[in-house]
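Here the structure comes first, spelled out in structure tokens, and everything after it is commentary.
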Amino acid sequence: MFELKYHTPIEWAHICLEDFDSFLQDHAAAEKKASGMAMSMLSHYQDRQKLVRAMTDLALEELIHFKQVLKLMTQRGVILANDEKDPYINQIRKLFRHSRDGKFLDRMLVAGVIEARGYERFSLIAQALPEGKDKKFYDDIAKSEEKHKNLFIELALEYFDQAEVYARLEEILIEEARICASLPFRPALH
């Protein structure tokens with residue numbers, strides 16, 4: 001449905017694999033926050049029945065992903081870390097407009113772009129990992145993120161005009177690329 005404008009180089013994945021324990025801690029936090037975001041969306045937009053159903057399913061799926069990452073961490077003797085502020089998320093959330101409809105559309109589009117970034121980066125992790133169960137896990141997670149990316153755009157098109165959705169998406173993609181290009185690589189999803 002759309003393509004990101006900034007493409008993360010494979011060097012990012014190598015940095016993550018050099019400190020994979022920290023990456024796993026960040027990944028777990030990201031899944032937990034994604035589940036919470038879905039619950040927040042359905043709480044704020046209870047009158048949007050299709051969105052409520054989709055966000056209920058998404059919240060559960062993201063929580064399952066959290067549990068799967070937690071299992072990987074346990075196998076490696078890694079414990080959960082305190083949730084940290086994510087500079088990428090903090091910057092991209094500044095793109096939200098303040099009107100009710102504007103913020104609703106922006107929340108869906110930004111969520112779709114975040115999921116697209118997750119798809120790209122989890123794919124890079126899968127590519128960089130040696131053959132084995134961790135590689136398969138990250139390949140599967142990447143495919144899930146790709147579906148989520150499309151889900152948010154489909155929801156936006158359910159509630160808003162196609163021209164408005166794609167015009168605003170283009171603006172967000174340009175800003176998201178600028179944000180990504182400005183942030184240093186670290187062993188974290190964003």
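Lettering and numbering for the structure tokens are positional, with chains as A, B, ... in the shown order, residues counted from 1 in each chain, and ligands counted from 1 in the shown order.
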
Exercise for the section: Just the residues within 8 Å of Glu31 (chain A), please, counting only C-alpha atoms, with nothing from its chain fewer than 4 positions along; format it as a ChimeraX atom specification. Expected result: /A:27,35,62-63,65-66

Practice task
Excluding Arg178 (chain A) and any residue of its chain fewer than 4 positions from it, enumerate the residues within 8 Å of it, using only C-alpha atoms, and give them as a list in words.
Solution key: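 Contacts, with the query itself left out: Tyr6, Ile174 and Ser182 of chain A.
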
Handout entry: Proximity to Ile141 (chain A) - best of A:Asp19, A:Asp57, A:Glu120, A:Glu154, only C-alpha atoms
Key =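 Closest to Ile141 (chain A) of all the choices is A:Glu120.
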
Practice task
Could you check how far CA of Glu171 (chain A) sits from CA of Leu95 (chain A), in Å to one decimal?
Solution key: 9.4 Å

Problem - Which residue of A:Gln46, A:Lys32, A:Glu164, A:Glu146 approaches Lys67 (chain A) most closely, using only C-alpha atoms - result: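 Residue with the minimum atom-to-atom distance to Lys67 (chain A): A:Lys32.
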
Handout entry: DSSP helix (DSSP H, G or I) residues within region 93-141 of chain A, listed as a ChimeraX atom specification
Key = /A:93,100-128,133-141

May I have the selected residues written with C-alpha atoms, as a PDB file, in the first residue's frame?
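After the write, result.pdb holds the following:
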```
ATOM      1  CA  ARG A  93       3.944  11.585  17.806  1.00  0.00           C
ATOM      2  CA  ARG A 100     -10.643  15.249  16.638  1.00  0.00           C
ATOM      3  CA  ASP A 101     -10.747  13.963  13.041  1.00  0.00           C
ATOM      4  CA  GLY A 102      -7.216  15.111  12.252  1.00  0.00           C
ATOM      5  CA  LYS A 103      -5.795  13.347  15.287  1.00  0.00           C
ATOM      6  CA  PHE A 104      -7.835  10.216  14.564  1.00  0.00           C
ATOM      7  CA  LEU A 105      -6.503  10.008  11.009  1.00  0.00           C
ATOM      8  CA  ASP A 106      -2.958  10.819  12.109  1.00  0.00           C
ATOM      9  CA  ARG A 107      -2.994   8.168  14.839  1.00  0.00           C
ATOM     10  CA  MET A 108      -3.935   5.510  12.297  1.00  0.00           C
ATOM     11  CA  LEU A 109      -1.425   6.656   9.684  1.00  0.00           C
ATOM     12  CA  VAL A 110       1.426   7.072  12.150  1.00  0.00           C
ATOM     13  CA  ALA A 111       0.654   3.621  13.573  1.00  0.00           C
ATOM     14  CA  GLY A 112       0.789   2.210  10.048  1.00  0.00           C
ATOM     15  CA  VAL A 113       4.148   3.881   9.400  1.00  0.00           C
ATOM     16  CA  ILE A 114       5.534   2.603  12.729  1.00  0.00           C
ATOM     17  CA  GLU A 115       4.404  -0.911  11.817  1.00  0.00           C
ATOM     18  CA  ALA A 116       6.033  -0.525   8.391  1.00  0.00           C
ATOM     19  CA  ARG A 117       9.281   0.487  10.088  1.00  0.00           C
ATOM     20  CA  GLY A 118       8.952  -2.552  12.346  1.00  0.00           C
ATOM     21  CA  TYR A 119       8.468  -4.760   9.284  1.00  0.00           C
ATOM     22  CA  GLU A 120      11.576  -3.344   7.656  1.00  0.00           C
ATOM     23  CA  ARG A 121      13.764  -3.627  10.740  1.00  0.00           C
ATOM     24  CA  PHE A 122      12.590  -7.044  11.903  1.00  0.00           C
ATOM     25  CA  SER A 123      13.266  -8.242   8.344  1.00  0.00           C
ATOM     26  CA  LEU A 124      16.815  -6.901   8.644  1.00  0.00           C
ATOM     27  CA  ILE A 125      17.285  -8.702  11.971  1.00  0.00           C
ATOM     28  CA  ALA A 126      16.026 -11.945  10.396  1.00  0.00           C
ATOM     29  CA  GLN A 127      18.399 -11.424   7.467  1.00  0.00           C
ATOM     30  CA  ALA A 128      21.383 -10.848   9.770  1.00  0.00           C
ATOM     31  CA  LYS A 133      14.743 -20.597  15.457  1.00  0.00           C
ATOM     32  CA  ASP A 134      15.574 -16.945  16.215  1.00  0.00           C
ATOM     33  CA  LYS A 135      15.844 -16.197  12.480  1.00  0.00           C
ATOM     34  CA  LYS A 136      12.476 -17.857  11.835  1.00  0.00           C
ATOM     35  CA  PHE A 137      10.915 -15.990  14.763  1.00  0.00           C
ATOM     36  CA  TYR A 138      12.034 -12.616  13.397  1.00  0.00           C
ATOM     37  CA  ASP A 139      10.943 -13.515   9.895  1.00  0.00           C
ATOM     38  CA  ASP A 140       7.483 -14.379  11.277  1.00  0.00           C
ATOM     39  CA  ILE A 141       7.352 -11.179  13.362  1.00  0.00           C
TER      40      ILE A 141
END
```

Using only C-alpha atoms, determine which residues lie at most 8 Å from Leu42 (chain A), disregarding the query and same-chain residues fewer than 3 positions distant; provide the list as a short mmCIF file (atom, residue, chain, number, x, y, z; two decimals) with N, CA and C atoms, in the first residue's frame.
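Heads up, here's the output in out.cif:
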```cif
data_model
loop_
_atom_site.label_atom_id
_atom_site.label_comp_id
_atom_site.auth_asym_id
_atom_site.auth_seq_id
_atom_site.Cartn_x
_atom_site.Cartn_y
_atom_site.Cartn_z
N ALA A 38 -3.01 -0.16 21.02
CA ALA A 38 -4.25 -0.69 20.43
C ALA A 38 -5.41 -0.55 21.41
N MET A 39 -5.16 -0.82 22.68
CA MET A 39 -6.22 -0.66 23.70
C MET A 39 -6.61 0.81 23.84
N TYR A 45 -11.99 5.60 20.54
CA TYR A 45 -12.87 5.62 19.37
C TYR A 45 -13.87 4.46 19.44
N GLN A 46 -14.58 4.39 20.56
CA GLN A 46 -15.51 3.28 20.81
C GLN A 46 -16.67 3.24 19.82
N LEU A 51 -12.95 -0.51 13.87
CA LEU A 51 -11.70 -0.22 14.54
C LEU A 51 -11.64 -0.95 15.89
N VAL A 52 -12.71 -0.96 16.64
CA VAL A 52 -12.73 -1.63 17.94
C VAL A 52 -12.40 -3.11 17.78
N MET A 55 -8.65 -3.43 16.73
CA MET A 55 -7.72 -3.10 17.80
C MET A 55 -7.74 -4.14 18.91
N THR A 56 -8.89 -4.77 19.13
CA THR A 56 -8.95 -5.86 20.10
C THR A 56 -8.06 -7.01 19.65
#
```
